[in-house]
$ cat upload.pdb   # PDB, C-alpha atoms
MODEL        1
ATOM      1  CA  MET A   1     117.459 108.070  94.319
ATOM      2  CA  LYS A   2     120.505 105.833  94.375
ATOM      3  CA  TRP A   3     120.113 102.097  94.907
ATOM      4  CA  TRP A   4     121.622 102.259  98.383
ATOM      5  CA  HIS A   5     119.084 104.860  99.553
ATOM      6  CA  PHE A   6     116.469 102.211  98.864
ATOM      7  CA  ALA A   7     118.578  99.507 100.575
ATOM      8  CA  LEU A   8     119.123 101.668 103.652
ATOM      9  CA  THR A   9     115.351 102.278 103.813
ATOM     10  CA  ILE A  10     114.843  98.494 103.914
ATOM     11  CA  CYS A  11     117.351  98.278 106.812
ATOM     12  CA  LEU A  12     115.435 100.959 108.703
ATOM     13  CA  LEU A  13     112.159  99.093 108.085
ATOM     14  CA  VAL A  14     113.767  95.923 109.474
ATOM     15  CA  SER A  15     114.699  97.808 112.648
ATOM     16  CA  VAL A  16     111.117  99.116 112.942
ATOM     17  CA  ILE A  17     109.818  95.540 113.262
ATOM     18  CA  SER A  18     112.457  94.687 115.909
ATOM     19  CA  PRO A  19     109.880  94.633 118.778
ATOM     20  CA  LEU A  20     108.500  91.476 117.111
ATOM     21  CA  ALA A  21     111.749  89.629 117.903
ATOM     22  CA  SER A  22     111.574  86.508 120.044
ATOM     23  CA  SER A  23     112.503  87.282 123.640
ATOM     24  CA  SER A  24     113.655  83.719 124.327
ATOM     25  CA  PRO A  25     117.326  83.314 125.305
ATOM     26  CA  ASP A  26     119.682  82.845 122.349
ATOM     27  CA  GLY A  27     121.679  79.671 121.703
ATOM     28  CA  LEU A  28     124.657  80.512 123.916
ATOM     29  CA  GLU A  29     122.472  81.876 126.738
ATOM     30  CA  LYS A  30     120.312  78.747 126.650
ATOM     31  CA  VAL A  31     123.348  76.449 126.779
ATOM     32  CA  ALA A  32     124.749  78.478 129.702
ATOM     33  CA  GLU A  33     121.390  78.243 131.473
ATOM     34  CA  ASN A  34     121.004  74.485 130.897
ATOM     35  CA  HIS A  35     124.546  73.662 131.961
ATOM     36  CA  GLY A  36     124.769  75.932 134.961
ATOM     37  CA  PHE A  37     127.272  78.583 133.960
ATOM     38  CA  LEU A  38     124.928  81.471 133.170
ATOM     39  CA  GLY A  39     125.653  82.792 136.659
ATOM     40  CA  LEU A  40     129.242  83.534 135.634
ATOM     41  CA  ALA A  41     128.015  86.353 133.372
ATOM     42  CA  GLN A  42     128.847  89.833 134.560
ATOM     43  CA  SER A  43     126.892  92.863 133.473
ATOM     44  CA  ALA A  44     128.582  95.772 131.725
ATOM     45  CA  PRO A  45     130.331  98.402 133.880
ATOM     46  CA  PHE A  46     128.335 101.115 132.103
ATOM     47  CA  GLU A  47     125.107 101.343 130.136
ATOM     48  CA  VAL A  48     124.344 103.489 127.110
ATOM     49  CA  ILE A  49     121.352 101.918 125.304
ATOM     50  CA  ALA A  50     121.481  98.620 127.188
ATOM     51  CA  ASP A  51     119.657  95.659 125.587
ATOM     52  CA  TYR A  52     118.482  97.793 122.661
ATOM     53  CA  VAL A  53     116.004  99.720 124.823
ATOM     54  CA  PHE A  54     116.401 103.496 124.558
ATOM     55  CA  PRO A  55     116.425 104.826 128.136
ATOM     56  CA  GLY A  56     113.709 107.144 129.442
ATOM     57  CA  ILE A  57     110.905 105.989 127.136
ATOM     58  CA  GLU A  58     108.020 104.213 128.851
ATOM     59  CA  ASN A  59     106.695 102.334 125.850
ATOM     60  CA  GLU A  60     109.170  99.490 125.405
ATOM     61  CA  ALA A  61     108.319  98.868 121.757
ATOM     62  CA  ALA A  62     108.937 102.525 120.950
ATOM     63  CA  ALA A  63     112.196 102.469 122.939
ATOM     64  CA  THR A  64     113.357  99.398 120.994
ATOM     65  CA  ILE A  65     112.409 100.904 117.639
ATOM     66  CA  LEU A  66     114.255 104.127 118.470
ATOM     67  CA  ALA A  67     117.343 102.186 119.566
ATOM     68  CA  GLY A  68     117.172 100.138 116.358
ATOM     69  CA  LEU A  69     116.790 103.161 114.066
ATOM     70  CA  LEU A  70     119.609 105.032 115.791
ATOM     71  CA  GLY A  71     121.900 102.015 115.729
ATOM     72  CA  THR A  72     121.184 101.259 112.074
ATOM     73  CA  LEU A  73     121.917 104.844 110.980
ATOM     74  CA  LEU A  74     124.984 105.058 113.200
ATOM     75  CA  ILE A  75     126.445 101.798 111.884
ATOM     76  CA  PHE A  76     125.745 102.822 108.302
ATOM     77  CA  GLY A  77     127.476 106.167 108.853
ATOM     78  CA  ALA A  78     130.434 104.634 110.696
ATOM     79  CA  VAL A  79     131.115 101.895 108.142
ATOM     80  CA  TYR A  80     130.547 104.258 105.203
ATOM     81  CA  GLY A  81     133.035 106.674 106.777
ATOM     82  CA  ILE A  82     135.587 103.956 107.525
ATOM     83  CA  GLY A  83     135.172 102.565 103.995
ATOM     84  CA  TRP A  84     135.805 106.037 102.586
ATOM     85  CA  LEU A  85     138.910 106.469 104.735
ATOM     86  CA  VAL A  86     140.532 103.103 104.011
ATOM     87  CA  LYS A  87     139.572 102.803 100.345
ATOM     88  CA  SER A  88     142.299 102.512  97.798
ATOM     89  CA  ARG A  89     143.605 105.848  96.509
ATOM     90  CA  ARG A  90     145.685 104.079  93.910
ATOM     91  CA  SER A  91     143.576 105.093  90.916
ATOM     92  CA  GLU A  92     143.552 108.737  91.995
ATOM     93  CA  ASN A  93     147.306 108.679  92.508
ATOM     94  CA  ALA A  94     147.781 107.175  89.077
ATOM     95  CA  ARG A  95     145.944 110.066  87.491
ATOM     96  CA  GLN A  96     148.144 112.695  89.099
TER      97      GLN A  96
ATOM     98  CA  MET B   1     126.223  84.124 120.325
ATOM     99  CA  HIS B   2     127.560  87.314 121.936
ATOM    100  CA  ILE B   3     129.711  86.159 124.861
ATOM    101  CA  PRO B   4     129.203  88.251 128.018
ATOM    102  CA  ASP B   5     132.057  89.024 130.402
ATOM    103  CA  GLY B   6     132.718  86.355 133.011
ATOM    104  CA  PHE B   7     132.567  83.275 130.769
ATOM    105  CA  LEU B   8     136.150  83.308 129.499
ATOM    106  CA  ASN B   9     139.447  83.267 131.377
ATOM    107  CA  VAL B  10     142.224  85.828 131.023
ATOM    108  CA  ALA B  11     144.387  83.711 128.708
ATOM    109  CA  THR B  12     141.493  83.167 126.271
ATOM    110  CA  LEU B  13     140.471  86.839 126.414
ATOM    111  CA  ALA B  14     144.040  88.005 125.749
ATOM    112  CA  THR B  15     144.641  85.513 122.928
ATOM    113  CA  THR B  16     141.399  86.328 121.126
ATOM    114  CA  TYR B  17     141.978  90.093 121.541
ATOM    115  CA  ALA B  18     145.435  89.739 120.004
ATOM    116  CA  VAL B  19     144.249  87.594 117.085
ATOM    117  CA  SER B  20     141.264  89.875 116.401
ATOM    118  CA  ALA B  21     143.397  93.035 116.547
ATOM    119  CA  GLY B  22     145.843  91.445 114.103
ATOM    120  CA  GLY B  23     142.945  90.358 111.878
ATOM    121  CA  ILE B  24     141.440  93.851 111.801
ATOM    122  CA  GLY B  25     144.863  95.349 111.041
ATOM    123  CA  TYR B  26     145.343  92.978 108.123
ATOM    124  CA  ALA B  27     141.768  93.608 106.924
ATOM    125  CA  VAL B  28     142.441  97.366 106.846
ATOM    126  CA  LYS B  29     145.623  96.734 104.838
ATOM    127  CA  GLU B  30     143.786  94.549 102.314
ATOM    128  CA  ALA B  31     140.919  97.039 102.067
ATOM    129  CA  ASN B  32     143.392  99.841 101.508
ATOM    130  CA  LYS B  33     144.775  97.930  98.506
ATOM    131  CA  LYS B  34     141.530  96.782  96.891
ATOM    132  CA  LEU B  35     138.547  98.764  98.191
ATOM    133  CA  LYS B  36     137.151 101.060  95.516
ATOM    134  CA  GLU B  37     134.618 103.865  95.748
ATOM    135  CA  LYS B  38     131.916 101.508  94.446
ATOM    136  CA  HIS B  39     132.360  99.223  97.465
ATOM    137  CA  VAL B  40     131.760 101.955 100.055
ATOM    138  CA  PRO B  41     127.934 102.271  99.991
ATOM    139  CA  LEU B  42     127.527  98.485  99.819
ATOM    140  CA  MET B  43     129.722  98.104 102.906
ATOM    141  CA  GLY B  44     127.641 100.685 104.785
ATOM    142  CA  VAL B  45     124.329  99.111 103.775
ATOM    143  CA  MET B  46     125.620  95.619 104.576
ATOM    144  CA  ALA B  47     126.652  96.695 108.089
ATOM    145  CA  ALA B  48     123.330  98.495 108.657
ATOM    146  CA  PHE B  49     121.379  95.430 107.495
ATOM    147  CA  ILE B  50     123.422  93.091 109.703
ATOM    148  CA  PHE B  51     122.875  95.322 112.734
ATOM    149  CA  ALA B  52     119.122  95.623 112.147
ATOM    150  CA  ALA B  53     118.671  91.923 111.337
ATOM    151  CA  GLN B  54     120.655  90.873 114.417
ATOM    152  CA  MET B  55     117.993  92.557 116.570
ATOM    153  CA  LEU B  56     115.351  90.235 115.112
ATOM    154  CA  ASN B  57     115.695  87.036 117.116
ATOM    155  CA  PHE B  58     113.675  84.218 115.577
ATOM    156  CA  PRO B  59     112.348  81.373 117.737
ATOM    157  CA  ILE B  60     113.726  77.874 117.295
ATOM    158  CA  VAL B  61     112.843  74.761 119.314
ATOM    159  CA  GLY B  62     112.621  74.532 123.117
ATOM    160  CA  GLY B  63     112.288  78.161 124.169
ATOM    161  CA  THR B  64     115.472  79.199 122.418
ATOM    162  CA  SER B  65     115.985  81.912 119.844
ATOM    163  CA  GLY B  66     118.643  82.723 117.330
ATOM    164  CA  HIS B  67     119.536  85.634 115.137
ATOM    165  CA  LEU B  68     121.448  86.280 111.956
ATOM    166  CA  ILE B  69     125.216  86.696 112.202
ATOM    167  CA  GLY B  70     125.520  87.993 108.640
ATOM    168  CA  ALA B  71     129.244  87.359 108.192
ATOM    169  CA  ALA B  72     128.743  84.772 105.445
ATOM    170  CA  MET B  73     126.479  87.128 103.476
ATOM    171  CA  ALA B  74     128.965  89.999 103.769
ATOM    172  CA  ALA B  75     131.894  87.730 102.857
ATOM    173  CA  ILE B  76     130.098  86.292  99.798
ATOM    174  CA  LEU B  77     129.282  89.753  98.413
ATOM    175  CA  LEU B  78     132.376  91.706  99.443
ATOM    176  CA  GLY B  79     135.017  89.133 100.362
ATOM    177  CA  PRO B  80     136.183  87.845 103.756
ATOM    178  CA  TRP B  81     138.460  90.735 104.777
ATOM    179  CA  ALA B  82     135.800  93.332 104.019
ATOM    180  CA  SER B  83     133.427  91.180 106.051
ATOM    181  CA  VAL B  84     135.869  91.138 108.983
ATOM    182  CA  LEU B  85     135.838  94.956 108.925
ATOM    183  CA  ILE B  86     132.030  95.147 108.724
ATOM    184  CA  MET B  87     131.476  92.564 111.476
ATOM    185  CA  SER B  88     134.047  94.236 113.736
ATOM    186  CA  CYS B  89     132.278  97.601 113.416
ATOM    187  CA  VAL B  90     128.894  96.022 114.181
ATOM    188  CA  LEU B  91     130.249  94.060 117.170
ATOM    189  CA  ILE B  92     132.146  97.052 118.588
ATOM    190  CA  ALA B  93     129.013  99.224 118.404
ATOM    191  CA  GLN B  94     126.854  96.474 119.928
ATOM    192  CA  CYS B  95     129.325  96.113 122.777
ATOM    193  CA  LEU B  96     130.005  99.803 123.501
ATOM    194  CA  ILE B  97     126.532 101.268 122.903
ATOM    195  CA  PHE B  98     124.046  98.444 123.367
ATOM    196  CA  GLN B  99     125.857  96.344 126.011
ATOM    197  CA  ASP B 100     125.439  93.247 123.853
ATOM    198  CA  GLY B 101     128.548  91.125 124.357
ATOM    199  CA  GLY B 102     131.116  91.837 127.051
ATOM    200  CA  LEU B 103     133.807  94.489 126.855
ATOM    201  CA  LEU B 104     136.508  91.984 127.828
ATOM    202  CA  ALA B 105     134.957  89.355 125.548
ATOM    203  CA  LEU B 106     134.889  91.709 122.536
ATOM    204  CA  GLY B 107     138.039  90.141 121.089
ATOM    205  CA  ALA B 108     136.496  86.677 121.329
ATOM    206  CA  ASN B 109     133.214  87.859 119.794
ATOM    207  CA  ILE B 110     135.069  89.489 116.883
ATOM    208  CA  PHE B 111     137.142  86.336 116.443
ATOM    209  CA  ASN B 112     134.093  84.005 116.442
ATOM    210  CA  MET B 113     131.480  86.024 114.573
ATOM    211  CA  GLY B 114     133.854  88.210 112.566
ATOM    212  CA  ILE B 115     136.852  86.147 111.556
ATOM    213  CA  VAL B 116     135.749  82.488 111.885
ATOM    214  CA  ALA B 117     132.249  83.073 110.481
ATOM    215  CA  SER B 118     133.461  85.252 107.567
ATOM    216  CA  PHE B 119     136.168  82.875 106.385
ATOM    217  CA  SER B 120     134.260  79.633 106.915
ATOM    218  CA  GLY B 121     131.217  81.108 105.147
ATOM    219  CA  TYR B 122     133.325  82.408 102.275
ATOM    220  CA  PHE B 123     135.322  79.240 101.644
ATOM    221  CA  LEU B 124     132.293  76.961 101.841
ATOM    222  CA  TYR B 125     130.478  79.267  99.421
ATOM    223  CA  ARG B 126     133.441  79.102  97.017
ATOM    224  CA  LEU B 127     133.616  75.325  97.378
ATOM    225  CA  SER B 128     129.873  75.039  96.709
ATOM    226  CA  THR B 129     129.948  77.221  93.602
ATOM    227  CA  SER B 130     132.786  75.112  92.219
ATOM    228  CA  VAL B 131     130.631  72.020  92.756
ATOM    229  CA  PHE B 132     127.193  73.382  91.774
ATOM    230  CA  GLY B 133     128.370  75.979  89.252
ATOM    231  CA  ASP B 134     128.821  79.754  89.506
ATOM    232  CA  ASN B 135     125.296  80.519  88.333
ATOM    233  CA  LYS B 136     122.148  81.655  90.143
ATOM    234  CA  LYS B 137     121.364  78.209  91.519
ATOM    235  CA  GLY B 138     124.942  77.490  92.579
ATOM    236  CA  ARG B 139     125.287  80.867  94.282
ATOM    237  CA  LEU B 140     122.104  80.417  96.282
ATOM    238  CA  ILE B 141     122.979  76.849  97.309
ATOM    239  CA  GLY B 142     126.471  78.060  98.194
ATOM    240  CA  GLY B 143     125.017  80.973 100.153
ATOM    241  CA  PHE B 144     122.841  78.642 102.204
ATOM    242  CA  ILE B 145     125.656  76.148 102.882
ATOM    243  CA  GLY B 146     128.198  78.879 103.662
ATOM    244  CA  ALA B 147     125.796  80.677 106.001
ATOM    245  CA  TRP B 148     124.768  77.489 107.805
ATOM    246  CA  ALA B 149     128.372  76.346 108.251
ATOM    247  CA  SER B 150     129.526  79.798 109.416
ATOM    248  CA  VAL B 151     127.118  79.673 112.368
ATOM    249  CA  LEU B 152     128.013  76.087 113.217
ATOM    250  CA  LEU B 153     131.774  76.710 113.089
ATOM    251  CA  ALA B 154     131.536  79.952 115.086
ATOM    252  CA  SER B 155     129.561  78.083 117.760
ATOM    253  CA  ILE B 156     132.137  75.271 117.862
ATOM    254  CA  VAL B 157     134.963  77.783 118.325
ATOM    255  CA  CYS B 158     132.874  79.494 121.020
ATOM    256  CA  ALA B 159     132.373  76.141 122.771
ATOM    257  CA  ILE B 160     136.129  75.470 122.666
ATOM    258  CA  GLU B 161     136.792  78.907 124.229
ATOM    259  CA  LEU B 162     134.263  78.159 126.977
ATOM    260  CA  ALA B 163     135.846  74.755 127.636
ATOM    261  CA  VAL B 164     139.422  76.082 127.639
ATOM    262  CA  SER B 165     138.301  78.799 130.079
ATOM    263  CA  GLY B 166     136.823  76.177 132.401
ATOM    264  CA  ALA B 167     133.252  77.531 132.190
ATOM    265  CA  SER B 168     131.978  74.093 131.233
ATOM    266  CA  PRO B 169     133.691  70.884 130.029
ATOM    267  CA  TRP B 170     133.949  70.460 126.260
ATOM    268  CA  THR B 171     132.022  67.172 126.386
ATOM    269  CA  VAL B 172     129.058  69.308 127.480
ATOM    270  CA  THR B 173     129.481  72.621 125.624
ATOM    271  CA  LEU B 174     130.615  71.233 122.275
ATOM    272  CA  PRO B 175     127.570  69.033 121.520
ATOM    273  CA  ALA B 176     125.170  71.523 123.147
ATOM    274  CA  MET B 177     126.481  74.561 121.236
ATOM    275  CA  ALA B 178     126.890  72.709 117.934
ATOM    276  CA  GLY B 179     123.452  71.097 118.214
ATOM    277  CA  ILE B 180     121.522  74.288 118.896
ATOM    278  CA  HIS B 181     123.502  76.305 116.335
ATOM    279  CA  ALA B 182     123.018  73.671 113.626
ATOM    280  CA  LEU B 183     119.342  74.695 113.922
ATOM    281  CA  ILE B 184     119.989  78.458 114.187
ATOM    282  CA  GLY B 185     122.209  78.052 111.111
ATOM    283  CA  ILE B 186     119.165  76.994 109.062
ATOM    284  CA  GLY B 187     117.659  80.428 109.830
ATOM    285  CA  GLU B 188     120.958  82.061 108.858
ATOM    286  CA  GLY B 189     120.980  80.072 105.617
ATOM    287  CA  LEU B 190     117.399  81.029 104.740
ATOM    288  CA  ILE B 191     117.866  84.756 105.496
ATOM    289  CA  THR B 192     121.150  84.777 103.563
ATOM    290  CA  GLY B 193     119.495  82.988 100.644
ATOM    291  CA  VAL B 194     116.639  85.516 100.514
ATOM    292  CA  ALA B 195     119.020  88.486 100.802
ATOM    293  CA  LEU B 196     121.321  87.110  98.095
ATOM    294  CA  SER B 197     118.424  86.415  95.732
ATOM    295  CA  VAL B 198     117.179  89.997  96.204
ATOM    296  CA  VAL B 199     120.669  91.193  95.208
ATOM    297  CA  LEU B 200     120.724  88.771  92.233
ATOM    298  CA  VAL B 201     117.363  90.047  90.984
ATOM    299  CA  THR B 202     117.930  93.770  91.559
ATOM    300  CA  ARG B 203     121.696  94.334  91.357
ATOM    301  CA  ALA B 204     123.390  91.250  89.920
ATOM    302  CA  ASP B 205     126.306  93.507  88.904
ATOM    303  CA  LEU B 206     127.310  93.846  92.576
ATOM    304  CA  TRP B 207     128.499  90.246  92.272
ATOM    305  CA  GLN B 208     131.176  91.423  89.846
ATOM    306  CA  LEU B 209     132.797  93.737  92.421
ATOM    307  CA  GLN B 210     136.331  92.751  93.314
ATOM    308  CA  LYS B 211     136.355  90.668  96.505
ATOM    309  CA  ILE B 212     138.456  91.938  99.377
TER     310      ILE B 212
ENDMDL
END
$ encode --input "upload.pdb" --output "structure tokens"
Amino acid sequence: MKWWHFALTICLLVSVISPLASSSPDGLEKVAENHGFLGLAQSAPFEVIADYVFPGIENEAAATILAGLLGTLLIFGAVYGIGWLVKSRRSENARQ
Amino acid sequence: MHIPDGFLNVATLATTYAVSAGGIGYAVKEANKKLKEKHVPLMGVMAAFIFAAQMLNFPIVGGTSGHLIGAAMAAILLGPWASVLIMSCVLIAQCLIFQDGGLLALGANIFNMGIVASFSGYFLYRLSTSVFGDNKKGRLIGGFIGAWASVLLASIVCAIELAVSGASPWTVTLPAMAGIHALIGIGEGLITGVALSVVLVTRADLWQLQKI
């Protein structure tokens, strides 16, 4: 088991506890609410997994956990892939 | 601090999109020069951790919550340009898949939480380690200061964007955003400190990776 397998497991565990998150508005939302410009906000023209709730699952905690697990794995895969693509090939070129 | 669509005017949206696109382009160029195979899993794990931790809003005073940004932590471990890449990927996914942060405001969100937070966190960390020493204590103090300042500075830039766009005058948004995010920044500093000390205890060698 490589060190990052363990680290990725920790990330997945963090997303499992995501239903415990505070549902209060965040700093920007609160400022917008207090100073009367929250109404300017427009919702997205399309929804995929809007507000980290996986659609079609009745239990909201389960829907949030699923969204979190999917997102965490997806982001890991995407950034790992991008890192692999943009990484320096200089050392390999030097060997040739 | 994800800005939804509707808060910013066209000029601000266009400017921040242009600056962020340029920043990502430069980050890719830098990564292409310096990123080694050893960096790749750490970048992936860092992005996954930032995404997961950003879902965990923690309560602060007065019915308000905050969550980690993570840019300072990524910039301290991997360098500011690598952090710009990581934050951009996280913010793009949050916007496109989870409808967190507006599509039109994506450039502004990448600028604030990607570019401003990464560089302010990184330089304050570097400044702190030169004052307190580049040892365990200095790194943790620097991590806390860098993380706290990254949130505060990102919120100030966000407030300026809101004011320039005419959403709310700067005399209102600047103190309100800075005040609330000075508190959220304490959470950022604590989470960053814990995460960095876990790295120091388990994989101190990761600190020796070349910064990008």
$ atom_distance --input "upload.pdb" --atom1 "atom CA of Ala21 of chain A" --atom2 "atom CA of Phe58 of chain B"
6.2 Å
$ atom_distance --input "upload.pdb" --atom1 "atom CA of Ile86 of chain B" --atom2 "atom CA of Val10 of chain B"
26.2 Å
$ interface_residues --input "upload.pdb" --of "chain A" --to "chain B" --cutoff "8 Å" --atoms "only C-alpha atoms" --output "number ranges by chain"
A: 4, 7-8, 11-12, 14-15, 17-31, 35, 37, 40-44, 47-52, 68, 71-73, 75-80, 83-84, 86-90
$ resolve_selection --input "upload.pdb" --expression "the PyMOL selection byres ((chain B and resi 70) around 8)" --output "mmCIF file with C-alpha atoms, in the coordinates of the input"
data_model
loop_
_atom_site.group_PDB
_atom_site.id
_atom_site.type_symbol
_atom_site.label_atom_id
_atom_site.label_comp_id
_atom_site.auth_asym_id
_atom_site.auth_seq_id
_atom_site.Cartn_x
_atom_site.Cartn_y
_atom_site.Cartn_z
ATOM 1 C CA ILE B 50 123.422 93.091 109.703
ATOM 2 C CA LEU B 68 121.448 86.280 111.956
ATOM 3 C CA ILE B 69 125.216 86.696 112.202
ATOM 4 C CA ALA B 71 129.244 87.359 108.192
ATOM 5 C CA ALA B 72 128.743 84.772 105.445
ATOM 6 C CA MET B 73 126.479 87.128 103.476
ATOM 7 C CA ALA B 74 128.965 89.999 103.769
ATOM 8 C CA ALA B 147 125.796 80.677 106.001
ATOM 9 C CA GLU B 188 120.958 82.061 108.858
ATOM 10 C CA THR B 192 121.150 84.777 103.563
#
$ atom_distance --input "upload.pdb" --atom1 "atom CA of Gly39 of chain A" --atom2 "atom CA of Glu161 of chain B"
17.1 Å
